[in-house]
$ cat input_13.txt   # compact mmCIF, C-alpha atoms (C1' of nucleotides)
# COMPACT_ATOMS: atom_id res chain seq x y z
CA MET I 64 190.05 -14.86 102.49
CA ALA I 65 189.96 -13.63 106.03
CA SER I 66 192.18 -10.70 106.63
CA ARG I 67 193.30 -11.91 110.01
CA SER I 68 192.92 -8.36 111.24
CA LEU I 69 191.13 -8.99 114.45
CA SER I 70 193.43 -11.45 116.11
CA LYS I 71 194.63 -10.59 119.57
CA GLU I 72 198.29 -10.05 118.85
CA PRO I 73 199.24 -7.86 115.88
CA VAL I 74 202.38 -9.72 114.87
CA PRO I 75 205.56 -11.00 116.38
CA PRO I 76 207.44 -7.76 116.89
CA PRO I 77 210.31 -7.49 114.43
CA LEU I 78 213.91 -7.25 115.49
CA PRO I 79 214.69 -3.63 116.20
CA THR I 80 217.11 -1.84 113.90
CA ASP I 81 220.21 -0.12 115.23
CA ALA I 82 218.60 3.24 115.77
CA GLU I 83 215.65 1.55 117.35
CA ILE I 84 217.85 -0.36 119.75
CA ALA I 85 219.40 2.90 120.84
CA ILE I 86 215.96 4.23 121.64
CA LEU I 87 214.89 1.07 123.43
CA ALA I 88 218.04 1.27 125.52
CA VAL I 89 216.98 4.71 126.71
CA LEU I 90 213.48 3.51 127.51
CA TRP I 91 214.89 0.56 129.40
CA ARG I 92 217.08 2.87 131.41
CA GLN I 93 214.60 5.64 132.09
CA GLY I 94 211.24 3.95 131.89
CA ALA I 95 208.31 5.70 130.25
CA SER I 96 209.61 8.80 128.54
CA THR I 97 208.57 11.51 126.15
CA VAL I 98 210.19 11.92 122.78
CA ARG I 99 211.99 14.95 124.16
CA GLU I 100 213.44 12.99 127.03
CA VAL I 101 214.60 10.21 124.79
CA HIS I 102 216.07 12.62 122.31
CA ASP I 103 218.00 14.45 125.00
CA ALA I 104 219.31 11.21 126.43
CA LEU I 105 220.49 10.20 123.01
CA ALA I 106 223.81 11.94 122.51
CA LYS I 107 223.09 12.22 118.84
CA ASP I 108 223.59 15.01 116.40
CA SER I 109 220.43 14.29 114.51
CA GLY I 110 217.38 16.46 114.95
CA TYR I 111 214.39 16.10 117.21
CA THR I 112 211.99 15.14 114.44
CA THR I 113 214.21 12.23 113.53
CA THR I 114 213.80 10.77 116.97
CA LEU I 115 210.10 11.51 116.85
CA LYS I 116 209.67 9.80 113.51
CA LEU I 117 211.60 6.76 114.63
CA MET I 118 209.47 6.41 117.71
CA GLN I 119 206.32 6.78 115.67
CA LEU I 120 207.50 4.00 113.40
CA MET I 121 208.38 1.87 116.39
CA PHE I 122 204.87 2.44 117.65
CA GLU I 123 203.42 1.26 114.35
CA LYS I 124 205.64 -1.79 114.43
CA GLY I 125 204.55 -2.59 117.96
CA LEU I 126 207.97 -2.16 119.49
CA VAL I 127 206.69 0.44 121.89
CA VAL I 128 203.36 1.44 123.34
CA ARG I 129 202.37 4.97 124.12
CA ASN I 130 200.08 6.84 126.39
CA GLU I 131 198.52 9.78 124.61
CA ARG I 132 196.78 11.11 127.63
CA TYR I 133 199.24 13.92 128.00
CA ARG I 134 200.26 16.66 125.65
CA SER I 135 203.59 14.95 125.17
CA HIS I 136 202.96 11.28 124.58
CA LEU I 137 204.62 8.86 126.92
CA TYR I 138 206.42 5.97 125.29
CA GLU I 139 207.38 2.68 126.81
CA ALA I 140 209.01 -0.47 125.54
CA ARG I 141 206.30 -2.95 124.73
CA ALA I 142 208.17 -6.13 125.56
CA PRO I 143 210.25 -6.57 128.69
CA LYS I 144 213.90 -5.77 128.24
CA GLU I 145 214.95 -9.33 128.91
CA GLN I 146 212.75 -10.69 126.17
CA THR I 147 214.03 -8.31 123.55
CA GLN I 148 217.61 -8.83 124.60
CA ARG I 149 217.10 -12.54 124.36
CA GLN I 150 215.73 -12.15 120.88
CA ILE I 151 218.67 -10.01 119.81
CA ALA I 152 221.23 -12.29 121.38
CA GLY I 153 219.60 -15.34 119.85
CA ASP I 154 219.58 -13.79 116.43
CA LEU I 155 223.23 -12.89 116.61
CA LEU I 156 224.07 -16.28 118.03
CA LYS I 157 222.53 -17.95 115.05
CA ARG I 158 223.97 -15.65 112.42
CA ALA I 159 227.50 -15.02 113.60
CA PHE I 160 228.40 -17.61 116.20
CA GLU I 161 227.28 -20.88 114.68
CA GLY I 162 224.79 -21.16 117.50
CA SER I 163 227.58 -21.63 119.99
CA ALA I 164 226.82 -19.79 123.20
CA ARG I 165 230.35 -20.55 124.23
CA SER I 166 231.75 -18.51 121.36
CA LEU I 167 229.46 -15.63 122.08
CA VAL I 168 230.41 -15.58 125.73
CA LEU I 169 234.04 -15.70 124.81
CA GLY I 170 233.60 -12.86 122.37
CA ALA I 171 231.73 -10.76 124.85
CA LEU I 172 234.23 -11.26 127.62
CA ALA I 173 237.14 -10.60 125.31
CA ALA I 174 235.52 -7.45 124.05
CA GLN I 175 234.80 -6.12 127.47
CA PRO I 176 236.48 -7.79 130.41
CA ALA I 177 234.01 -8.31 133.22
CA SER I 178 234.66 -7.57 136.85
CA GLY I 179 235.14 -10.32 139.38
CA LYS I 180 231.69 -9.59 140.65
CA ASP I 181 230.20 -9.94 137.21
CA LEU I 182 232.05 -13.18 136.68
CA ALA I 183 230.64 -14.51 139.91
CA GLU I 184 227.16 -13.58 138.84
CA ILE I 185 227.65 -15.31 135.55
CA ARG I 186 228.72 -18.44 137.39
CA THR I 187 225.52 -18.32 139.34
CA LEU I 188 223.64 -18.07 136.07
CA LEU I 189 225.46 -21.12 134.78
CA ASP I 190 224.52 -23.05 137.87
CA GLU I 191 220.90 -22.25 137.36
CA PHE I 192 221.00 -23.28 133.76
CA GLU I 193 222.76 -26.46 134.63
CA LYS I 194 220.06 -27.34 137.10
CA ARG I 195 217.32 -26.45 134.70
CA GLY I 196 218.92 -28.52 131.98
CA GLU I 197 219.45 -31.58 134.10
CA LYS I 198 215.88 -31.68 135.27
CA LYS I 199 214.48 -35.09 134.69
CA MET T 74 246.69 17.85 102.14
CA ALA T 75 248.23 14.45 102.27
CA SER T 76 245.90 11.72 101.24
CA ARG T 77 247.16 9.24 103.80
CA SER T 78 247.07 6.66 101.04
CA LEU T 79 250.35 4.97 101.66
CA SER T 80 250.01 3.97 105.27
CA LYS T 81 250.47 0.32 106.07
CA GLU T 82 246.93 -0.59 106.98
CA PRO T 83 244.09 0.58 104.74
CA VAL T 84 241.60 1.29 107.51
CA PRO T 85 240.13 -0.41 110.50
CA PRO T 86 237.78 -2.84 108.81
CA PRO T 87 234.19 -1.77 109.33
CA LEU T 88 231.64 -3.88 111.12
CA PRO T 89 230.16 -6.29 108.60
CA THR T 90 226.52 -5.86 107.64
CA ASP T 91 224.03 -8.69 108.03
CA ALA T 92 224.50 -10.11 104.56
CA GLU T 93 228.24 -9.80 104.99
CA ILE T 94 228.14 -11.67 108.27
CA ALA T 95 226.31 -14.49 106.54
CA ILE T 96 229.10 -14.70 103.98
CA LEU T 97 231.82 -14.51 106.59
CA ALA T 98 230.12 -17.33 108.45
CA VAL T 99 230.44 -19.50 105.37
CA LEU T 100 234.08 -18.58 104.91
CA TRP T 101 234.74 -19.36 108.55
CA ARG T 102 233.14 -22.72 108.15
CA GLN T 103 234.59 -23.71 104.81
CA GLY T 104 237.82 -21.80 104.59
CA ALA T 105 238.91 -20.26 101.29
CA SER T 106 236.04 -20.56 98.85
CA THR T 107 234.91 -19.37 95.48
CA VAL T 108 231.87 -17.19 95.05
CA ARG T 109 230.05 -20.20 93.69
CA GLU T 110 230.83 -22.25 96.76
CA VAL T 111 229.74 -19.52 99.10
CA HIS T 112 226.60 -18.91 97.15
CA ASP T 113 225.65 -22.58 97.21
CA ALA T 114 226.29 -22.79 100.93
CA LEU T 115 224.04 -19.81 101.48
CA ALA T 116 220.52 -21.16 101.49
CA LYS T 117 219.30 -17.95 100.00
CA ASP T 118 216.85 -17.22 97.26
CA SER T 119 218.83 -14.35 95.85
CA GLY T 120 220.85 -14.73 92.69
CA TYR T 121 224.47 -15.55 92.14
CA THR T 122 225.46 -12.07 91.10
CA THR T 123 224.17 -10.72 94.37
CA THR T 124 226.60 -12.89 96.26
CA LEU T 125 229.33 -11.96 93.84
CA LYS T 126 228.71 -8.27 94.24
CA LEU T 127 228.62 -8.51 98.00
CA MET T 128 231.93 -10.32 98.05
CA GLN T 129 233.45 -7.77 95.72
CA LEU T 130 232.33 -5.01 98.04
CA MET T 131 233.68 -6.89 101.02
CA PHE T 132 236.97 -7.12 99.19
CA GLU T 133 237.03 -3.38 98.64
CA LYS T 134 236.24 -2.81 102.29
CA GLY T 135 239.01 -5.10 103.37
CA LEU T 136 236.75 -7.63 105.02
CA VAL T 137 238.08 -10.41 102.83
CA VAL T 138 241.18 -11.07 100.79
CA ARG T 139 241.23 -12.95 97.55
CA ASN T 140 243.55 -14.98 95.43
CA GLU T 141 243.04 -14.19 91.77
CA ARG T 142 245.42 -16.80 90.52
CA TYR T 143 242.62 -19.01 89.38
CA ARG T 144 239.80 -18.42 87.00
CA SER T 145 237.43 -18.45 89.94
CA HIS T 146 238.87 -16.21 92.61
CA LEU T 147 239.39 -17.66 96.03
CA TYR T 148 238.08 -15.60 98.91
CA GLU T 149 239.06 -15.76 102.53
CA ALA T 150 238.16 -13.83 105.64
CA ARG T 151 240.82 -11.23 106.25
CA ALA T 152 240.67 -11.13 110.04
CA PRO T 153 240.56 -14.22 112.21
CA LYS T 154 237.08 -15.32 113.13
CA GLU T 155 237.65 -14.65 116.81
CA GLN T 156 238.62 -11.07 116.22
CA THR T 157 235.59 -10.29 114.13
CA GLN T 158 233.29 -12.07 116.54
CA ARG T 159 234.77 -10.10 119.38
CA GLN T 160 234.16 -6.91 117.49
CA ILE T 161 230.57 -7.83 116.79
CA ALA T 162 229.89 -8.99 120.32
CA GLY T 163 231.50 -5.87 121.75
CA ASP T 164 229.43 -3.63 119.56
CA LEU T 165 226.21 -5.32 120.56
CA LEU T 166 227.24 -5.34 124.20
CA LYS T 167 227.65 -1.61 124.13
CA ARG T 168 224.51 -0.84 122.20
CA ALA T 169 221.95 -3.22 123.60
CA PHE T 170 223.23 -4.60 126.87
CA GLU T 171 224.45 -1.56 128.73
CA GLY T 172 227.93 -2.99 128.50
CA SER T 173 226.95 -5.77 130.86
CA ALA T 174 228.49 -9.05 129.80
CA ARG T 175 226.29 -10.68 132.37
CA SER T 176 223.16 -9.58 130.54
CA LEU T 177 224.49 -10.73 127.22
CA VAL T 178 225.39 -14.12 128.59
CA LEU T 179 222.00 -14.44 130.16
CA GLY T 180 220.33 -13.47 126.90
CA ALA T 181 222.38 -15.92 124.91
CA LEU T 182 221.78 -18.83 127.24
CA ALA T 183 218.09 -18.07 127.45
CA ALA T 184 217.84 -17.88 123.68
CA GLN T 185 219.63 -21.13 123.14
CA PRO T 186 220.17 -23.38 126.12
CA ALA T 187 223.68 -24.75 126.16
CA SER T 188 224.61 -28.31 126.83
CA GLY T 189 226.27 -29.35 130.05
CA LYS T 190 229.49 -29.68 128.16
CA ASP T 191 229.21 -26.15 126.83
CA LEU T 192 228.46 -24.84 130.27
CA ALA T 193 231.56 -26.53 131.57
CA GLU T 194 233.62 -24.95 128.85
CA ILE T 195 232.21 -21.58 129.67
CA ARG T 196 233.17 -22.07 133.29
CA THR T 197 236.70 -22.75 132.18
CA LEU T 198 236.63 -19.54 130.23
CA LEU T 199 235.47 -17.68 133.29
CA ASP T 200 238.33 -19.11 135.31
CA GLU T 201 240.82 -17.88 132.78
CA PHE T 202 239.34 -14.46 132.73
CA GLU T 203 239.28 -14.34 136.49
CA LYS T 204 242.96 -15.10 136.58
CA ARG T 205 243.77 -12.60 133.91
CA GLY T 206 241.70 -9.93 135.62
CA GLU T 207 243.16 -10.43 139.06
CA LYS T 208 246.65 -9.92 137.82
CA LYS T 209 248.27 -7.15 139.81
C1' DC X 131 193.93 38.38 120.97
C1' DG X 132 198.91 37.49 119.32
C1' DG X 133 203.13 35.61 119.78
C1' DG X 134 206.45 32.12 121.20
C1' DA X 135 207.65 27.67 122.66
C1' DC X 136 206.95 23.10 121.96
C1' DA X 137 204.29 19.12 120.50
C1' DT X 138 202.52 15.57 116.71
C1' DA X 139 202.02 14.13 111.97
C1' DC X 140 203.68 13.11 107.71
C1' DG X 141 205.76 13.31 103.06
C1' DA X 142 209.78 12.95 101.02
C1' DA X 143 214.80 13.33 100.59
C1' DG X 144 219.30 10.92 101.80
C1' DA X 145 222.07 7.08 102.97
C1' DT X 146 222.97 2.55 103.19
C1' DT X 147 222.30 -2.14 102.04
C1' DT X 148 220.82 -5.67 98.95
C1' DT X 149 219.47 -7.25 94.52
C1' DC X 150 219.67 -7.89 89.73
C1' DG X 151 220.57 -7.34 84.49
C1' DT X 152 223.93 -7.00 81.16
C1' DT X 153 228.38 -7.26 79.20
C1' DG X 154 232.72 -9.12 77.95
C1' DA X 155 236.38 -12.62 78.88
C1' DC X 156 237.77 -17.20 78.92
C1' DA X 157 237.79 -22.13 78.30
C1' DA X 158 236.18 -26.60 77.38
C1' DA X 159 233.12 -29.34 74.21
C1' DC X 160 231.26 -29.86 70.11
C1' DG F 171 235.83 -22.01 64.75
C1' DT F 172 231.48 -21.78 66.74
C1' DT F 173 228.59 -22.93 70.50
C1' DT F 174 227.87 -23.39 75.40
C1' DG F 175 228.72 -22.63 80.21
C1' DT F 176 230.84 -20.14 83.86
C1' DC F 177 233.05 -16.33 85.59
C1' DA F 178 234.21 -11.22 87.02
C1' DA F 179 232.83 -6.57 86.60
C1' DC F 180 229.87 -2.95 86.69
C1' DG F 181 225.95 0.18 86.78
C1' DA F 182 221.90 0.89 88.43
C1' DA F 183 217.36 -0.51 90.38
C1' DA F 184 215.02 -1.93 94.66
C1' DA F 185 214.52 -2.23 99.38
C1' DT F 186 215.46 -0.66 103.80
C1' DC F 187 216.85 2.56 107.23
C1' DT F 188 217.62 7.29 108.80
C1' DT F 189 217.10 12.12 108.48
C1' DC F 190 214.84 16.28 107.78
C1' DG F 191 211.48 20.14 106.33
C1' DT F 192 207.17 21.79 106.86
C1' DA F 193 202.33 21.99 108.28
C1' DT F 194 199.46 22.21 111.97
C1' DG F 195 197.68 22.18 116.80
C1' DT F 196 197.91 23.49 121.63
C1' DC F 197 199.25 25.68 125.69
C1' DC F 198 200.84 29.60 128.20
C1' DC F 199 201.84 34.16 128.93
C1' DG F 200 201.78 39.23 128.05
$ encode --input "input_13.txt" --output "structure tokens"
Amino acid sequence: MASRSLSKEPVPPPLPTDAEIAILAVLWRQGASTVREVHDALAKDSGYTTTLKLMQLMFEKGLVVRNERYRSHLYEARAPKEQTQRQIAGDLLKRAFEGSARSLVLGALAAQPASGKDLAEIRTLLDEFEKRGEKK
Amino acid sequence: MASRSLSKEPVPPPLPTDAEIAILAVLWRQGASTVREVHDALAKDSGYTTTLKLMQLMFEKGLVVRNERYRSHLYEARAPKEQTQRQIAGDLLKRAFEGSARSLVLGALAAQPASGKDLAEIRTLLDEFEKRGEKK
DNA sequence: CGGGACATACGAAGATTTTCGTTGACAAAC
DNA sequence: GTTTGTCAACGAAAATCTTCGTATGTCCCG
């Protein structure tokens, strides 16, 4: 049978593991970065080659893209931050919160109280969702 | 040196792994259950002894308690659901959302649109947090 | 040219998590 | 009392995730 090798998109990118999320977080914060820059930003006690290997694996998995034009390759998150965060949140929602966004919000706010400003922003978000939901 | 064995609380219970979360979810839903009951509720293709072993490990870790009075032991989540969910949400918040509850809420709502009723409930939550936060 | 500093690649060890096979205990049914 | 079914308890394999050691290449400087 056909090997399906030539399709446009490799595969739906898998959920990142914990170490991979830590790396993505750095890339989200700093934008395109070298392994060295990511490793330095990671306040970890593991060695440089560990970070390198992880990022190579992430590249193979399609979690990041890289520009090899320079001596030190430049890595970047492949999917926009929001999309990956949505995927992660959705996965957790399903597995640990019975699909109840309410529970997740409650848990998040209880874990880390938000500022009044944040709360206001969240209200704005709710308004938008309400509107979107009521459409039609 | 002293082994610290006799202190009141064994240890802060560790964050549950993925498979453990799945089991906790069942216990949250069904209350005290036998391994058999949990295993049946888990729509998994793994064997019974896998579930058994996991629950035994969870017992050793202090994630669940059990009543051995019956032939089939009865397992229950040790910590209240809300506490564990808060722990999980807080961990994720820190690792993947830059500590921004706003981002997590956005991700959750985007992943699984909430009903108008849910949104209203969330607003109520926000009000409570606002009050609590403004104190002093 | 010959280091030294720093980069990628990659195999494989280590750790952790998940799965399973086997054993022995117990009880109800035959 | 023997068979049958279900259970807990392990030990250890299997799978996954993380870490590291080492080889090798390149650039820059002296």
$ atom_distance --input "input_13.txt" --atom1 "CA of Arg205 in chain T" --atom2 "CA of Ala181 in chain T"
23.4 Å
$ closest_atom_pairs --input "input_13.txt" --of "chain I" --to "chain F" --cutoff "12 Å" --atoms "all atoms listed in the file" --output "tab-separated table"
residue	atom	partner	partner_atom	distance
I:Pro79	CA	F:DC187	C1'	11.1
I:Thr80	CA	F:DC187	C1'	8.0
I:Asp81	CA	F:DC187	C1'	9.1
I:Ala82	CA	F:DT188	C1'	8.1
I:Glu83	CA	F:DC187	C1'	10.2
I:Lys107	CA	F:DT189	C1'	12.0
I:Asp108	CA	F:DT189	C1'	10.6
I:Ser109	CA	F:DT189	C1'	7.2
I:Gly110	CA	F:DC190	C1'	7.6
I:Tyr111	CA	F:DC190	C1'	9.4
I:Thr112	CA	F:DC190	C1'	7.3
I:Thr113	CA	F:DT189	C1'	5.8
I:Thr114	CA	F:DT189	C1'	9.2
I:Leu115	CA	F:DT189	C1'	10.9
I:Lys116	CA	F:DT189	C1'	9.3
I:Leu117	CA	F:DT188	C1'	8.4
I:Leu120	CA	F:DC187	C1'	11.3
I:Tyr133	CA	F:DT196	C1'	11.6
I:Arg134	CA	F:DT196	C1'	8.3
I:Ser135	CA	F:DT196	C1'	10.9
$ closest_atom_pairs --input "input_13.txt" --of "chain X" --to "chain I" --cutoff "10 Å" --atoms "all atoms listed in the file" --output "tab-separated table"
residue	atom	partner	partner_atom	distance
X:DC136	C1'	I:Ser135	CA	9.4
X:DA137	C1'	I:Ser135	CA	6.3
X:DT138	C1'	I:Ser135	CA	8.5
X:DA139	C1'	I:Lys116	CA	8.9
X:DC140	C1'	I:Lys116	CA	9.0
$ calpha_fit_and_write --input "input_13.txt" --fixed "chain I" --moving "chain T" --output "tab-separated table (two decimals) with C-alpha atoms, keeping the file's coordinate frame"
chain	number	residue	atom	x	y	z
T	74	MET	CA	190.31	-14.07	102.08
T	75	ALA	CA	190.18	-13.18	105.70
T	76	SER	CA	192.47	-10.38	106.63
T	77	ARG	CA	193.43	-11.84	109.98
T	78	SER	CA	193.01	-8.36	111.39
T	79	LEU	CA	191.14	-9.18	114.52
T	80	SER	CA	193.45	-11.67	116.14
T	81	LYS	CA	194.60	-10.89	119.64
T	82	GLU	CA	198.23	-10.13	118.97
T	83	PRO	CA	199.13	-7.86	116.06
T	84	VAL	CA	202.27	-9.72	115.00
T	85	PRO	CA	205.43	-11.02	116.52
T	86	PRO	CA	207.33	-7.79	117.01
T	87	PRO	CA	210.19	-7.56	114.55
T	88	LEU	CA	213.80	-7.33	115.58
T	89	PRO	CA	214.58	-3.69	116.25
T	90	THR	CA	216.98	-1.92	113.92
T	91	ASP	CA	220.11	-0.22	115.22
T	92	ALA	CA	218.52	3.18	115.74
T	93	GLU	CA	215.56	1.50	117.36
T	94	ILE	CA	217.78	-0.41	119.74
T	95	ALA	CA	219.36	2.86	120.80
T	96	ILE	CA	215.92	4.22	121.63
T	97	LEU	CA	214.86	1.08	123.43
T	98	ALA	CA	218.02	1.29	125.49
T	99	VAL	CA	216.99	4.73	126.66
T	100	LEU	CA	213.49	3.57	127.49
T	101	TRP	CA	214.91	0.64	129.41
T	102	ARG	CA	217.10	2.95	131.37
T	103	GLN	CA	214.64	5.74	132.02
T	104	GLY	CA	211.27	4.06	131.88
T	105	ALA	CA	208.33	5.82	130.24
T	106	SER	CA	209.63	8.91	128.50
T	107	THR	CA	208.58	11.58	126.09
T	108	VAL	CA	210.19	11.95	122.70
T	109	ARG	CA	211.99	14.99	124.02
T	110	GLU	CA	213.45	13.06	126.91
T	111	VAL	CA	214.60	10.24	124.71
T	112	HIS	CA	216.06	12.60	122.20
T	113	ASP	CA	218.03	14.46	124.86
T	114	ALA	CA	219.33	11.23	126.31
T	115	LEU	CA	220.50	10.17	122.88
T	116	ALA	CA	223.83	11.87	122.35
T	117	LYS	CA	223.11	12.10	118.69
T	118	ASP	CA	223.60	14.86	116.20
T	119	SER	CA	220.40	14.16	114.35
T	120	GLY	CA	217.36	16.34	114.80
T	121	TYR	CA	214.38	16.02	117.06
T	122	THR	CA	211.98	15.05	114.33
T	123	THR	CA	214.16	12.12	113.44
T	124	THR	CA	213.74	10.71	116.91
T	125	LEU	CA	210.06	11.48	116.78
T	126	LYS	CA	209.59	9.72	113.49
T	127	LEU	CA	211.52	6.69	114.63
T	128	MET	CA	209.40	6.39	117.73
T	129	GLN	CA	206.24	6.75	115.70
T	130	LEU	CA	207.39	3.95	113.45
T	131	MET	CA	208.28	1.84	116.45
T	132	PHE	CA	204.78	2.44	117.72
T	133	GLU	CA	203.29	1.24	114.46
T	134	LYS	CA	205.49	-1.83	114.56
T	135	GLY	CA	204.45	-2.61	118.08
T	136	LEU	CA	207.89	-2.17	119.57
T	137	VAL	CA	206.63	0.47	121.96
T	138	VAL	CA	203.33	1.49	123.45
T	139	ARG	CA	202.34	5.02	124.22
T	140	ASN	CA	200.07	6.96	126.47
T	141	GLU	CA	198.51	9.86	124.61
T	142	ARG	CA	196.78	11.30	127.60
T	143	TYR	CA	199.24	14.11	127.84
T	144	ARG	CA	200.25	16.75	125.39
T	145	SER	CA	203.60	15.04	125.06
T	146	HIS	CA	202.97	11.36	124.55
T	147	LEU	CA	204.62	8.95	126.91
T	148	TYR	CA	206.41	6.04	125.31
T	149	GLU	CA	207.37	2.75	126.85
T	150	ALA	CA	208.98	-0.42	125.61
T	151	ARG	CA	206.26	-2.92	124.84
T	152	ALA	CA	208.15	-6.10	125.68
T	153	PRO	CA	210.24	-6.54	128.79
T	154	LYS	CA	213.89	-5.73	128.31
T	155	GLU	CA	214.95	-9.30	128.97
T	156	GLN	CA	212.74	-10.68	126.27
T	157	THR	CA	214.00	-8.30	123.63
T	158	GLN	CA	217.59	-8.82	124.67
T	159	ARG	CA	217.10	-12.54	124.45
T	160	GLN	CA	215.70	-12.16	120.99
T	161	ILE	CA	218.61	-10.03	119.88
T	162	ALA	CA	221.21	-12.28	121.45
T	163	GLY	CA	219.58	-15.36	119.96
T	164	ASP	CA	219.53	-13.84	116.53
T	165	LEU	CA	223.19	-12.92	116.69
T	166	LEU	CA	224.07	-16.30	118.14
T	167	LYS	CA	222.53	-18.01	115.18
T	168	ARG	CA	223.95	-15.73	112.54
T	169	ALA	CA	227.47	-15.05	113.70
T	170	PHE	CA	228.40	-17.60	116.32
T	171	GLU	CA	227.32	-20.89	114.82
T	172	GLY	CA	224.80	-21.17	117.61
T	173	SER	CA	227.60	-21.62	120.10
T	174	ALA	CA	226.87	-19.78	123.31
T	175	ARG	CA	230.41	-20.53	124.31
T	176	SER	CA	231.77	-18.48	121.43
T	177	LEU	CA	229.47	-15.61	122.16
T	178	VAL	CA	230.44	-15.56	125.80
T	179	LEU	CA	234.08	-15.67	124.87
T	180	GLY	CA	233.60	-12.82	122.42
T	181	ALA	CA	231.74	-10.72	124.93
T	182	LEU	CA	234.26	-11.21	127.70
T	183	ALA	CA	237.15	-10.56	125.37
T	184	ALA	CA	235.51	-7.39	124.11
T	185	GLN	CA	234.81	-6.08	127.55
T	186	PRO	CA	236.49	-7.77	130.48
T	187	ALA	CA	234.05	-8.31	133.30
T	188	SER	CA	234.73	-7.61	136.91
T	189	GLY	CA	235.22	-10.39	139.41
T	190	LYS	CA	231.78	-9.67	140.72
T	191	ASP	CA	230.26	-10.01	137.27
T	192	LEU	CA	232.10	-13.24	136.71
T	193	ALA	CA	230.70	-14.57	139.94
T	194	GLU	CA	227.22	-13.63	138.87
T	195	ILE	CA	227.70	-15.35	135.58
T	196	ARG	CA	228.78	-18.49	137.39
T	197	THR	CA	225.57	-18.37	139.35
T	198	LEU	CA	223.69	-18.12	136.10
T	199	LEU	CA	225.51	-21.14	134.79
T	200	ASP	CA	224.56	-23.12	137.87
T	201	GLU	CA	220.93	-22.32	137.36
T	202	PHE	CA	221.04	-23.31	133.76
T	203	GLU	CA	222.84	-26.50	134.61
T	204	LYS	CA	220.09	-27.41	137.02
T	205	ARG	CA	217.37	-26.52	134.60
T	206	GLY	CA	219.04	-28.47	131.82
T	207	GLU	CA	219.63	-31.61	133.83
T	208	LYS	CA	216.01	-31.89	134.73
T	209	LYS	CA	214.75	-35.29	133.68
$ residues_around --input "input_13.txt" --residues "Ala159 in chain I" --least-positions-apart "5" --cutoff "10 Å" --atoms "all atoms listed in the file" --output "mmCIF file with C-alpha atoms, in the frame of the given file"
data_model
loop_
_atom_site.group_PDB
_atom_site.id
_atom_site.type_symbol
_atom_site.label_atom_id
_atom_site.label_comp_id
_atom_site.auth_asym_id
_atom_site.auth_seq_id
_atom_site.Cartn_x
_atom_site.Cartn_y
_atom_site.Cartn_z
ATOM 1 C CA ASP I 154 219.580 -13.790 116.430
ATOM 2 C CA SER I 166 231.750 -18.510 121.360
ATOM 3 C CA LEU I 167 229.460 -15.630 122.080
ATOM 4 C CA ASP T 91 224.030 -8.690 108.030
ATOM 5 C CA ILE T 94 228.140 -11.670 108.270
ATOM 6 C CA ALA T 95 226.310 -14.490 106.540
ATOM 7 C CA ILE T 96 229.100 -14.700 103.980
ATOM 8 C CA LEU T 97 231.820 -14.510 106.590
ATOM 9 C CA ALA T 98 230.120 -17.330 108.450
ATOM 10 C CA VAL T 99 230.440 -19.500 105.370
ATOM 11 C CA TRP T 101 234.740 -19.360 108.550
ATOM 12 C CA LYS T 154 237.080 -15.320 113.130
ATOM 13 C CA THR T 157 235.590 -10.290 114.130
ATOM 14 C CA GLN T 158 233.290 -12.070 116.540
ATOM 15 C CA ILE T 161 230.570 -7.830 116.790
ATOM 16 C CA ALA T 162 229.890 -8.990 120.320
#
$ interface_residues --input "input_13.txt" --of "chain T" --to "chain I" --cutoff "9 Å" --atoms "only C-alpha atoms" --output "ChimeraX atom specification"
/T:91,94-95,97-98,102,155-166,168-189,191-196,198-200,202-203,206-207
$ axis_aligned_box --input "input_13.txt" --around "range 97-106 of chain T" --padding-each-side "6 Å" --output "JSON"
{"center_x": 234.5, "center_y": -19.1, "center_z": 103.7, "size_x": 20.8, "size_y": 21.2, "size_z": 21.7}
$ atom_distance --input "input_13.txt" --atom1 "CA of Lys124 in chain I" --atom2 "CA of Pro76 in chain I"
6.7 Å
$ atom_distance --input "input_13.txt" --atom1 "C1' of DA158 in chain X" --atom2 "CA of Glu141 in chain T"
20.2 Å
